[in-house]
Each structure stands twice: as C-alpha cells, then as structure tokens.
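Working notes for the structure below.
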Amino acid sequence: MFVPRIILLFPITTILVSGISSAVTSSSSSVIRDGSKPSSTYRAAVYEHVPFLPTAETDTREEALEVMAKNLEVYRAQARKAKEQGAQIIVFPEDGIYGWRFSTRKSVLPFLETIPDPKVTTWSPCSDPERYPDTEVQHALSCMAKENGLYVVANMGDLLPCDGKEDTKCPKDRGYQYNTDVAYDPEGTLVAKYHKVNLYFEPQFNRPEPQVVYFDTPFGRFGMLVCFDLLFSTPARPMLKEHNIANIAYPTAWMDALPMLSAIGYHSSFARGTGVNFLAANIHMPSKRLQGSGIYTPKGVKKYYYNNDPNSPGKLLVSTLGVLESNGDVEDMNIQNKHIINPLNRTGQEFYSSLLHDQYKFRMLDGATGNISICHNNLCCSLDYQISEEDGGRSEQELFALGAFDGLHTYHGQYYLQTCNLVKCGNNQDRLSCGHYTFDTNTKFSFLSLTGTFQTEFIYPQVIMVHDRQLRVGDESSWSFKDNILRSEGGLDDPLLAATLLGRYYNLD
C-alpha cells in the first residue's frame with residue numbers, strides 16, 4: 001500500500017514572511033534586519049493537543065505516516081488560528097505527533113526521522129523538500145511556519161545513524177534515537193533542535209550529552225526543554241545562569257502529581273521563581289491525568305487551560321507578553337535566608353506523613369486564624385493565615401497542615417528539595433492523609449503569608465485552588481511573591497488545595 005507523503009497536505013506558499021534565521025549559537029536577539037526598533041511585546045501561542053495514537057500493529061513507515069498526518073493536520077489548523085490572533089510563535093506538546101505507546105526501540109523506529117544539525121546545515125524543508133529523504137514530518141512543520149509567518153516549536157523523534165566500528169558507544173541497532181524538540185523560523189528554516197536529557201521511562205530513546213539549546217527571535221532568545229528536564233539542574237540551571245535565557249519553549253506530556261507538581265502549578269511557579277516567560281504546551285489526555293497548558297510570566301499567569309473532564313477537547317491559548325532581554329538573575333548561593341521564623345505557636349504535636357514519596361514533617365492548622373511554624377533539618381517554614389468567614393469559614397472542619405521537607409527526593413528521579421507546603425489533607429478524619437492526592441476542598445483563605453529559611457535562591461512559588469473540581473491558579477492580583485514571601489492580602493477567590501514554596505537546591509543533587 002502506498003501512502004502519499006505528507007508534503008502533499010502542505011502546499012508551499014508563495015508569500016515569504018520576513019524573519020530571522022536564528023542560530024543555536026549566540027546571535028543577538030535585539031537586532032532586526034530592517035533596522036527598526038524592536039517591539040516591547042510579542043504574541044505567543046501554545047496548543048494542548050488530543051493526539052491520534054498508533055495501534056500496537058503500527059510497524060511500517062507508511063502506517064506511521066498515516067497516524068502522524070492526522071496529528072499534523074490538527075497542528076496546521078491551530079497554527080493558522082494562532083496566526084489569525086496575531087501569534088508570532090506557537091509551541092506544540094511532547095509526543096503530540098506520534099504518542100507514547102512505545103516499549104521498545106524498534107516500535108518507535110518507523111516514526112523517527114534524521115534531523116540535520118542546524119548549526120552545520122541551513123535548511124528549509126518546505127522550500128527544499130527533496131534535499132533529505134524520509135523527512136515528511138519536518139516538511140510539514142517547516143511549511144506551517146512558512147505559510148503562517150511564525151516560529152513553530154514541536155516535538156518529534158530524531159534518528160542519527162552510527163557505525164559501531166568508528167563509534168564504540170553506537171547502539172547495537174546502529175542508530176541513536178532521541179526525544180527531540182525542533183524550532184522553525186517564519187521562513188521555514190530549521191533553527192534549533194534539542195535532545196531531551198532527562199528521560200522519564202522512555203526505553204525507546206537514548207540519553208544525549210547535555211547541551212543548552214536556544215534560538216534567537218526579534219522578540220527574545222528562547223531556550224528549549226522537554227517535560228522531565230524541568231525538575232533537574234541540567235540543562236535548566238546553566239540555561240538560566242550562563243546563557244541568560246529569558247524565554248522558554250516547553251513541549252511536555254506532564255502527568256499531574258498533586259499537591260505540588262500539577263502542570264499548571266509547577267510550570268507557572270518556575271516562571272515566577274526564575275523570572276522568565278514560559279510557554280508550556282501539554283498533551284490533553286485527562287483519563288491519564290495529562291492536562292494543563294499555559295502562558296506564564298515572571299509576574300504571574302497570562303492564560304492557562306485545565307480541564308480534567310475525560311471528554312473535554314484540546315485548546316489553543318494566545319496571549320501578549322512583554323519582551324524580556326534577561327531572566328530574573330537568580331543566584332544559587334549557599335546562604336541563609338534572612339527571614340526569621342517566629343518561634344511562638346510551635347506547640348502541638350508534630351507528625352510525619354508522605355507527600356510524593358517524601359516524609360514531610362507536619363503541624364496541623366488549629367483555628368480560623370493563627371501563626372504556626374515547622375522545621376525539618378535546616379529548613380523552617382512559617383505561616384500566618386486567616387480562614388474566610390464566607391460560608392461559615394472552614395467547611396465541615398476540613399483539615400489543613402503546614403509541612404516542611406529538606407532532603408533528597410529519590411522517587412522517579414533524584415533531586416534535592418527544600419519545600420514549605422500548606423496542604424489540604426486528603427481525609428478530614430485522618431491527619432496522616434496530609435500530603436495525599438485529593439481534589440476535595442471547600443475552605444477559602446482571606447489571608448496567608450508563607451515563608452521559609454531556604455539555603456537556595458531557586459524558590460518556585462505556587463497557589464493551587466479548586467473550582468468545580470477543576471484546578472485553578474491565581475493570577476498576579478490574588479497573591480504575590482516578593483523577598484521569598486508568598487502572600488495573599490485580599491484573599492483567594494476559590495477554595496485552597498495547596499500553597500507551596502518549592503526550593504530547588506541544585507548543588508546537592
């Protein structure tokens with residue numbers, strides 16, 4: 001059976017839109033070809049995608065192209081809609097083109113393409129489709145960018161053939177296989193490719209040598225990360241500290257892990273904590289807890305989408321962001337936070353409970369208002385709070401606790417955390433459920449102030465609320481983060497699930 005190449009689905013436009021063919025090396029993001037003054041804002045889009053998935057019997061290139069063509073046709077329609085709303089860049093999710101149902105290297109092989117190195121080769125697949133064979137996906141993405149005159153960032157698979165005689169590390173099947181982000185400029189030119197470093201149960205892919213990869217645009221420099229990368233030091237920390245990346249394009253297939261690692265919660269907290277614009281595009285598969293995309297800034301959330309209804313659709317988000325020439329300039333120093341924890345109101349029994357497989361030390365909130373603190377190893381956390389009198393205050397005497405954890409997290413990855421967590425307990429009758437997965441909360445807070453004695457400046461703040469069993473993140477008007485204090489003066493609009501200061505002590509990973 002012959003399947004037409006995807007190239008037939010994406011006719012080449014005759015209109016060329018001006019843009020910068022940026023390199024993965026250090027070109028200037030503030031130079032524009034015609035010499036005009038750069039804009040102070042830009043329009044960004046992310047698309048949360050419901051993917052068409054291959055079956056277990058999909059094992060030929062022709063069958064793989066059939067699956068990928070369906071997903072790429074959706075991408076094409078969304079890129080066009082984004083352009084109609086003024087977008088200059090769009091980000092699509094991890095695994096969105098072919099899914100994730102691969103348990104072996106052989107099973108994903110029909111979906112892979114050899115992607116040229118843009119640092120070595122300048123190539124627009126849309127303008128020169130015959131230059132490299134078997135590059136239908138690259139052609140499709142390139143034409144999306146060119147036809148709509150925008151930057152396109154997507155996730156696909158890269159196959160780099162190797163010779164075992166010359167390369168002693170070459171896999172037995174004679175090819176390196178990588179989970180890969182690609183970026184195309186408005187002329188359809190491939191300007192960057194990034195291989196995911198921190199794999200999450202992906203036996204079909206190789207782990208590459210870590211690299212910081214970015215591309216330059218007239219509205220800023222964009223670094224590239226994929227999903228699990230965001231939790232680790234490499235390459236995220238050198239991207240921020242050594243390359244001054246102020247914008248991050250982030251395809252992901254993120255599974256929510258409440259209370260502090262939901263997609264919209266953690267991704268928005270990373271933007272606030274590091275002072276970057278963060279464009280996060282997630283897969284939409286609520287039945288597997290895969291949902292939550294957003295456009296985030298150092299000041300808060302611009303737009304986000306969260307819908308855990310199994311029958312809900314994907315979503316295109318478009319928003320205007322300020323151009324950032326530098327990030328928040330965080331310094332990962334071994335210094336003691338200057339905030340002094342109030343030693344008062346530390347009475348009451350302390351207890352341990354599991355939160356994401358770490359043993360947190362907790363103290364229960366007692367009463368509608370108060371100040372409590374809790375310490376674990378070198379970290380002390382302090383909370384001032386007042387529960388809203390609306391609807392009679394705390395609904396049905398729901399249990400909340402303040403928890404602290406200072407230690408090495410070792411479940412599904414190894415990284416050092418210093419974390420202060422105000423959480424709604426999973427069971428209102430059992431304090432040992434504090435930290436467990438739950439959506440059930442009816443308690444609103446009219447005031448809260450959370451801080452801790454962190455030894456790292458990489459502190460990611462988040463507030464997660466619930467409305468009609470849908471997660472909500474407050475915008476910059478509902479709470480603030482300054483001088484390492486998470487604070488809500490005017491109260492939160494929806495019942496609280498968790499308020500978190502997640503400190504990443506990268507030096508102890």
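Each chain of the structure tokens is named A, B, ... in the order shown, its residues numbered from 1; ligands are numbered from 1 in display order.
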Practice item. Mind checking which residues fall within 9 Å of Gly407 of chain A, counting only C-alpha atoms, ignoring those fewer than 6 positions away in the same chain, and posting them as a VMD selection string? Key: chain A and resid 358 376 to 377 415 to 418
Those same residues, written as an mmCIF file, in the first residue's frame with N, CA and C atoms?
```cif
data_model
loop_
_atom_site.group_PDB
_atom_site.id
_atom_site.type_symbol
_atom_site.label_atom_id
_atom_site.label_comp_id
_atom_site.auth_asym_id
_atom_site.auth_seq_id
_atom_site.Cartn_x
_atom_site.Cartn_y
_atom_site.Cartn_z
ATOM 1 N N ASP A 358 8.013 11.439 49.797
ATOM 2 C CA ASP A 358 8.961 12.005 50.756
ATOM 3 C C ASP A 358 8.265 12.132 52.108
ATOM 4 N N HIS A 376 12.316 21.171 59.525
ATOM 5 C CA HIS A 376 12.834 19.865 59.137
ATOM 6 C C HIS A 376 14.266 20.052 58.661
ATOM 7 N N ASN A 377 15.203 19.407 59.326
ATOM 8 C CA ASN A 377 16.631 19.592 59.050
ATOM 9 C C ASN A 377 16.975 21.077 59.104
ATOM 10 N N TYR A 415 16.673 14.442 43.154
ATOM 11 C CA TYR A 415 16.943 15.874 43.200
ATOM 12 C C TYR A 415 16.639 16.382 44.604
ATOM 13 N N TYR A 416 17.393 17.425 45.010
ATOM 14 C CA TYR A 416 17.316 17.911 46.392
ATOM 15 C C TYR A 416 16.263 19.014 46.504
ATOM 16 N N LEU A 417 15.402 18.860 47.514
ATOM 17 C CA LEU A 417 14.299 19.795 47.726
ATOM 18 C C LEU A 417 14.389 20.450 49.101
ATOM 19 N N GLN A 418 14.003 21.710 49.158
ATOM 20 C CA GLN A 418 13.660 22.401 50.405
ATOM 21 C C GLN A 418 12.283 22.999 50.158
#
```
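The two atoms in question, atom CA of Tyr194 of chain A and atom CA of Gln138 of chain A, are spaced 14.3 Å apart.
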Exercise for review: Tell me which of A:Pro251, A:Gly157, A:Pro51, A:Gly273 sits closest to Val91 of chain A, counting only C-alpha atoms.
Suggested key: A:Pro251
Exercise for review: Using only C-alpha atoms, determine which residues lie at most 7 Å from segment 285-295 of chain A, disregarding the query and same-chain residues fewer than 5 positions distant; provide the list as a ChimeraX atom specification.
Suggested key: /A:48,50,253-256,263-264,278-280,301-310
Study note, to complete from the structure: Using only C-alpha atoms, the best pick from A:Met465, A:Leu471, A:Cys434, A:Ile459 as closest to Leu501 of chain A would be A:Ile459
Point to revise | Exercise: Arg101 of chain A partners within 9 Å, only C-alpha atoms, chain neighbours under 5 positions left out, as a ChimeraX atom specification | key: /A:53-56,107-108
